[in-house]
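Here's the structure, in structure tokens; my notes come after.
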Amino acid sequence: MRAAARPQAPIQRVRTPTGDPAWLVTGYDDVKALLSDPRLGRSHPDPDNAARMSRSAIFGGPIGDPETEAAEHARMRRLLAPSFSARQMNQLRPRVAGLVSELLGDLMHGSPPADFHQAVSFPLPALVICELLGVPVADRDDFRRWSDDAAHNTDTERSHAGLMQLWQYMGELVQRKRSEPADDVISSLVTSTDQHGSADVDGVAMLGAGLLFAGHETTVAAIDRGVTLLLTNADQRDALTQNPSLVPAAVEEILRSSLPVPTTADAPTGGLPRYAKTDVDFGGVTVAAGDLVLLGLDPANHDPQHFPDPERFDVSRTPNPHLSFGHGPRFCIGAPLARIELRELFAALLDLCPDMTLAVPVGELHARDELLTGGLSALPVTWPASPGATREL
Ligand code: HEM
């Protein structure tokens with residue numbers, strides 16, 4: 001649930017949760033245009049003094065060096081593209097389906113109520129990423145914990161420590177994959193960066209940690225949101241149950257929609273951060289070189305010019321050109337994978353758990369405002385079970 005009504009001005013002066021000044025852009029066409037505007041980037045010439053979006057060590061402030069940003073970004077996309085091709089992703093689909101039915105099966109074999117966030121939303125994307133990267137099963141719990149820490153928005157120390165542990169772990173994994181390559185993304189990155197017998201270990205470790213972060217918490221939040229939306233919109237859930245061919249459209253609507261839970265955030269969140277590389281005249285103001293610009297994906301996804309009745313959750317909404325995966329040169333590399341995970345999960349959920357309901361009123365759910373990617377701290381659900389089989393959460 002968004003904290004405030006969508007502001008009218010195309011670009012507004014705001015303060016981020018760190019108290020730093022920023023420009024916020026909210027209209028769909030404006031956000032989309034600025035996402036592919038080369039005058040905006042992720043780096044800043046004076047990163048220590050740049051405005052920050054949050055205290056997160058990952059996404060809170062500038063990333064990269066203005067001199068090399070474009071070349072580094074192009075190199076990153078080139079390296080990752082083969083691992084995320086449609087063919088590679090489709091090969092992963094049966095494994096994703098298998099993980100979905102294991103997790104849902106375990107959940108339903110337990111007795112209600114249960115925490116869907118802990119049982120399914122959190123582990124599914126982590127297991128899929130671990131599978132993709134080639135992280136051994138025994139290390140997966142550590143991996144998940146570090147990713148959660150790294151995403152912390154308000155505790156810089158925790159976020160930094162999580163990130164450092166991830167990098168260190170990935171460095172060791174990269175070294176192992178050099179001597180024992182397997183059919184996974186880390187091994188193929190090691191091979192592609194291996195020049196004259198020495199792979200770019202730090203670079204691959206950083207890419208791997210970045211992938212884990214980019215692909216994990218975002219998907220956890222989308223699953224939490226989708227389950228909450230379906231369990232609080234009975235008509236939409238029934239429509240989907242009666243017509244499972246709507247699942248892909250429902251997934252797009254889940255991606256577009258906001259979590260229907262009050263947020264405690266008192267400042268704009270959810271915007272993609274960019275820094276102006278030069279003075280930019282936009283919407284009647286001059287954004288000075290070095291200023292932070294927040295591109296509000298959530299307000300853009302609720303712009304009535306593009307989404308009639310934008311607050312309505314409508315599993316058959318078409319077209320649905322939401323910007324949840326970004327747009328332009330940085331469009332999400334993992335979008336096809338995220339779509340596979342979400343489609344497999346929601347199709348199986350309706351099939352295997354047709355009578356699931358929320359175990360608490362929706363107003364009692366807590367949004368994870370301390371996390372960059374949002375989501376819920378817990379998602380208590382219940383379903384009809386044999387008498388006497390209840391347990392405490
Ligand atoms: C529902 C799930 C997901 C959402 C909502 C999401 C959203 C986004 C968004 C908005 C961006 C653009 C960032 C920007 O412009 O600054 C992005 C980029 C990215 N995403 Fe995702 N993502 C999701 C899942 C994934 C997955 C599963 C992976 C990989 C396993 C992934 C990997 C990436 C990478 C590597 C980038 C950086 C692309 C670049 O800078 O060129 N994402 N994602």
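Identifiers for the structure tokens are assigned positionally: chains receive A, B, ... in sequence, residues are indexed from 1 per chain, and ligands are indexed from 1 in the order shown.
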| message | Please return as an NGL selection string the residues found within 7 Å of ligand 1, counting only C-alpha atoms and all ligand atoms. | response | :A and (35 or 73 or 77 or 129 or 210-212 or 214-216 or 218-219 or 222 or 255 or 272-273 or 324-327 or 329-335 or 337-338)
Using C-alpha atoms, can you write the selected residues to a file as a PDB file, in the first residue's frame?
```
ATOM      1  CA  LEU A  35      15.360   5.027 -17.296  1.00  0.00           C
ATOM      2  CA  HIS A  73      28.124  -2.228 -17.390  1.00  0.00           C
ATOM      3  CA  ARG A  77      25.750  -7.660 -19.518  1.00  0.00           C
ATOM      4  CA  ILE A 129      19.695 -18.939  -7.226  1.00  0.00           C
ATOM      5  CA  GLY A 210      25.286  -9.194  -7.055  1.00  0.00           C
ATOM      6  CA  LEU A 211      23.203 -11.859  -8.770  1.00  0.00           C
ATOM      7  CA  LEU A 212      22.251 -13.445  -5.501  1.00  0.00           C
ATOM      8  CA  ALA A 214      19.383  -8.930  -7.253  1.00  0.00           C
ATOM      9  CA  GLY A 215      17.567 -12.209  -7.716  1.00  0.00           C
ATOM     10  CA  HIS A 216      16.655 -13.178  -4.200  1.00  0.00           C
ATOM     11  CA  THR A 218      13.109  -9.046  -5.070  1.00  0.00           C
ATOM     12  CA  THR A 219      11.477 -12.385  -5.808  1.00  0.00           C
ATOM     13  CA  ALA A 222       6.899 -10.558  -5.134  1.00  0.00           C
ATOM     14  CA  LEU A 255       4.520  -7.556 -10.258  1.00  0.00           C
ATOM     15  CA  LEU A 272      15.434   3.370  -8.675  1.00  0.00           C
ATOM     16  CA  PRO A 273      18.335   5.709  -7.870  1.00  0.00           C
ATOM     17  CA  SER A 324       8.764  -3.442 -12.211  1.00  0.00           C
ATOM     18  CA  PHE A 325      11.772  -4.926 -14.008  1.00  0.00           C
ATOM     19  CA  GLY A 326      13.015  -1.474 -14.987  1.00  0.00           C
ATOM     20  CA  HIS A 327      13.496  -0.378 -18.573  1.00  0.00           C
ATOM     21  CA  PRO A 329      19.929  -0.649 -20.721  1.00  0.00           C
ATOM     22  CA  ARG A 330      19.614  -1.901 -17.138  1.00  0.00           C
ATOM     23  CA  PHE A 331      16.398  -3.867 -17.688  1.00  0.00           C
ATOM     24  CA  CYS A 332      16.416  -6.822 -15.278  1.00  0.00           C
ATOM     25  CA  ILE A 333      18.530  -9.677 -16.629  1.00  0.00           C
ATOM     26  CA  GLY A 334      16.704 -12.118 -14.371  1.00  0.00           C
ATOM     27  CA  ALA A 335      13.160 -11.181 -15.497  1.00  0.00           C
ATOM     28  CA  LEU A 337      13.798 -16.452 -14.406  1.00  0.00           C
ATOM     29  CA  ALA A 338      11.632 -14.469 -11.984  1.00  0.00           C
TER      30      ALA A 338
END
```
| Residues of region 258-333 of chain A in strand (DSSP E) according to DSSP, as a list of chain:residue names? |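 Filtering region 258-333 of chain A to strand (DSSP E) leaves A:Gly271, A:Leu272, A:Pro273, A:Arg274, A:Tyr275, A:Ala276, A:Val280, A:Asp281, A:Phe282, A:Val285, A:Thr286, A:Val287, A:Leu292, A:Val293, A:Leu294, A:Leu295, A:Gly296.
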| Near Thr193 (chain A), counting only C-alpha atoms, which residues have an atom at most 12 Å away, once you skip same-chain residues fewer than 2 positions from it, shown as a list in words? | Arg75, Met76, Arg78, Leu79, Leu80, Val174, Arg178, Ile186, Ser187, Ser188, Leu189, Val190, Thr191, Gln195, His196, Gly197, Ser198, Ala199, Asp200, Val201, Asp202, Gly203, Val204, Ala205 and Leu207 of chain A
| task | Give me, please, the distance in Å between CA of Val31 (chain A) and CA of Asp155 (chain A), quoted to one decimal. | result | 28.7 Å
| query | Among region 211-289 of chain A, which ones does DSSP place in alpha helix (DSSP H), written as a ChimeraX atom specification? | reply | /A:211-232,234-242,247-256
Residue selection dump (N, CA and C atoms) as a CSV table (one decimal), in the first residue's frame:
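Ended up saving to out.csv:
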```csv
chain,number,residue,atom,x,y,z
A,211,LEU,N,24.3,-11.1,-8.2
A,211,LEU,CA,23.2,-11.9,-8.8
A,211,LEU,C,22.3,-12.4,-7.7
A,212,LEU,N,23.0,-12.9,-6.6
A,212,LEU,CA,22.3,-13.4,-5.5
A,212,LEU,C,21.4,-12.4,-4.9
A,213,PHE,N,21.9,-11.2,-4.7
A,213,PHE,CA,21.1,-10.1,-4.1
A,213,PHE,C,20.0,-9.7,-5.0
A,214,ALA,N,20.4,-9.4,-6.3
A,214,ALA,CA,19.4,-8.9,-7.3
A,214,ALA,C,18.2,-9.9,-7.4
A,215,GLY,N,18.6,-11.2,-7.4
A,215,GLY,CA,17.6,-12.2,-7.7
A,215,GLY,C,16.8,-12.8,-6.5
A,216,HIS,N,17.3,-12.5,-5.3
A,216,HIS,CA,16.7,-13.2,-4.2
A,216,HIS,C,15.5,-12.4,-3.5
A,217,GLU,N,15.9,-11.3,-2.9
A,217,GLU,CA,14.9,-10.5,-2.1
A,217,GLU,C,13.8,-10.0,-2.9
A,218,THR,N,14.1,-9.6,-4.2
A,218,THR,CA,13.1,-9.0,-5.1
A,218,THR,C,12.0,-10.1,-5.3
A,219,THR,N,12.4,-11.3,-5.5
A,219,THR,CA,11.5,-12.4,-5.8
A,219,THR,C,10.7,-12.8,-4.5
A,220,VAL,N,11.4,-12.8,-3.4
A,220,VAL,CA,10.7,-13.1,-2.1
A,220,VAL,C,9.6,-12.1,-1.9
A,221,ALA,N,9.9,-10.8,-2.2
A,221,ALA,CA,8.9,-9.8,-2.0
A,221,ALA,C,7.7,-10.0,-2.9
A,222,ALA,N,8.0,-10.4,-4.2
A,222,ALA,CA,6.9,-10.6,-5.1
A,222,ALA,C,6.0,-11.7,-4.7
A,223,ILE,N,6.6,-12.8,-4.2
A,223,ILE,CA,5.8,-13.9,-3.7
A,223,ILE,C,4.9,-13.6,-2.6
A,224,ASP,N,5.5,-12.9,-1.6
A,224,ASP,CA,4.7,-12.5,-0.4
A,224,ASP,C,3.5,-11.6,-0.9
A,225,ARG,N,3.8,-10.7,-1.8
A,225,ARG,CA,2.8,-9.8,-2.3
A,225,ARG,C,1.7,-10.5,-3.0
A,226,GLY,N,2.1,-11.4,-3.9
A,226,GLY,CA,1.2,-12.2,-4.7
A,226,GLY,C,0.2,-13.0,-3.8
A,227,VAL,N,0.8,-13.7,-2.8
A,227,VAL,CA,0.0,-14.5,-2.0
A,227,VAL,C,-1.0,-13.6,-1.2
A,228,THR,N,-0.5,-12.5,-0.7
A,228,THR,CA,-1.4,-11.6,0.1
A,228,THR,C,-2.5,-11.1,-0.8
A,229,LEU,N,-2.2,-10.7,-2.0
A,229,LEU,CA,-3.2,-10.2,-2.9
A,229,LEU,C,-4.2,-11.2,-3.3
A,230,LEU,N,-3.8,-12.4,-3.6
A,230,LEU,CA,-4.7,-13.5,-3.9
A,230,LEU,C,-5.6,-13.9,-2.8
A,231,LEU,N,-5.0,-13.9,-1.6
A,231,LEU,CA,-5.8,-14.3,-0.4
A,231,LEU,C,-6.8,-13.2,0.1
A,232,THR,N,-6.6,-12.0,-0.4
A,232,THR,CA,-7.5,-10.9,0.0
A,232,THR,C,-8.4,-10.4,-1.1
A,234,ALA,N,-10.9,-12.5,-3.2
A,234,ALA,CA,-11.5,-13.8,-3.4
A,234,ALA,C,-11.9,-13.9,-4.9
A,235,ASP,N,-12.5,-12.8,-5.4
A,235,ASP,CA,-13.0,-12.8,-6.8
A,235,ASP,C,-11.9,-13.1,-7.8
A,236,GLN,N,-10.7,-12.5,-7.6
A,236,GLN,CA,-9.6,-12.6,-8.5
A,236,GLN,C,-9.0,-14.0,-8.4
A,237,ARG,N,-9.0,-14.5,-7.2
A,237,ARG,CA,-8.4,-15.9,-6.9
A,237,ARG,C,-9.4,-16.9,-7.6
A,238,ASP,N,-10.7,-16.7,-7.4
A,238,ASP,CA,-11.6,-17.6,-8.1
A,238,ASP,C,-11.5,-17.6,-9.6
A,239,ALA,N,-11.3,-16.4,-10.1
A,239,ALA,CA,-11.2,-16.3,-11.6
A,239,ALA,C,-10.0,-17.0,-12.1
A,240,LEU,N,-8.9,-17.0,-11.3
A,240,LEU,CA,-7.7,-17.7,-11.6
A,240,LEU,C,-7.8,-19.2,-11.5
A,241,THR,N,-8.5,-19.6,-10.4
A,241,THR,CA,-8.7,-21.0,-10.2
A,241,THR,C,-9.5,-21.6,-11.4
A,242,GLN,N,-10.5,-20.9,-11.8
A,242,GLN,CA,-11.4,-21.4,-12.9
A,242,GLN,C,-10.7,-21.3,-14.2
A,247,VAL,N,-2.7,-17.4,-15.4
A,247,VAL,CA,-1.6,-17.3,-14.5
A,247,VAL,C,-0.5,-16.3,-14.9
A,248,PRO,N,-0.1,-16.4,-16.2
A,248,PRO,CA,0.9,-15.4,-16.7
A,248,PRO,C,0.5,-13.9,-16.5
A,249,ALA,N,-0.8,-13.7,-16.8
A,249,ALA,CA,-1.3,-12.3,-16.7
A,249,ALA,C,-1.4,-11.9,-15.2
A,250,ALA,N,-1.8,-12.9,-14.4
A,250,ALA,CA,-1.8,-12.6,-12.9
A,250,ALA,C,-0.5,-12.3,-12.4
A,251,VAL,N,0.5,-13.0,-12.8
A,251,VAL,CA,1.9,-12.7,-12.4
A,251,VAL,C,2.3,-11.3,-12.7
A,252,GLU,N,2.0,-10.8,-13.9
A,252,GLU,CA,2.3,-9.5,-14.3
A,252,GLU,C,1.6,-8.5,-13.4
A,253,GLU,N,0.3,-8.8,-13.0
A,253,GLU,CA,-0.4,-7.9,-12.2
A,253,GLU,C,0.2,-7.9,-10.8
A,254,ILE,N,0.6,-9.0,-10.3
A,254,ILE,CA,1.3,-9.1,-9.0
A,254,ILE,C,2.6,-8.3,-9.0
A,255,LEU,N,3.3,-8.4,-10.1
A,255,LEU,CA,4.5,-7.6,-10.3
A,255,LEU,C,4.2,-6.1,-10.2
A,256,ARG,N,3.1,-5.7,-10.9
A,256,ARG,CA,2.7,-4.3,-10.9
A,256,ARG,C,2.2,-3.7,-9.6
```
| said: Just to confirm, what's the straight-line distance from CA of Thr16 (chain A) to CA of His44 (chain A) in Å (one decimal)? | reply: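 Interatomic distance, CA of Thr16 (chain A) to CA of His44 (chain A): 17.1 Å.
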| message | Can you pull out the residues contacting region 308-313 of chain A? Cut-off 7 Å, using only C-alpha atoms, and skip same-chain residues under 4 positions away; I want them as a list of chain:residue names. | response | A:Glu253, A:Ser257, A:His302, A:Asp303, A:Pro304
| Nearest-residue call for Val14 (chain A), choices A:Ala51, A:Glu157, A:Leu246, A:Phe307, using only C-alpha atoms |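 Among A:Ala51, A:Glu157, A:Leu246, A:Phe307, it is A:Ala51 that comes nearest to Val14 (chain A).
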| query | Quick one: residues within 8 Å of Trp23 (chain A), only C-alpha atoms counted, chain neighbours fewer than 5 positions away excluded, as a ChimeraX atom specification? | reply | /A:11-14,287,291-294
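Take the candidates A:Gly284, A:Gly19, A:Pro321, A:Gly290 and check each one against His306 (chain A) using only C-alpha atoms; the shortest distance goes to A:Pro321.
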| Straight-line distance linking CA of Ala182 (chain A) with CA of Arg145 (chain A), stated in Å to one decimal |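 CA of Arg145 (chain A) lies at a distance of 24.7 Å from CA of Ala182 (chain A).
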| Non-local contacts of Asp65 (chain A) (10 Å; only C-alpha atoms; under 2 positions in same chain excluded) as a ChimeraX atom specification | /A:42-47,62-63,67-70,72
| For Phe84 (chain A), which of A:Gly105, A:Pro336, A:Gly375, A:Pro361 is the closest residue, counting only C-alpha atoms? | A:Pro336
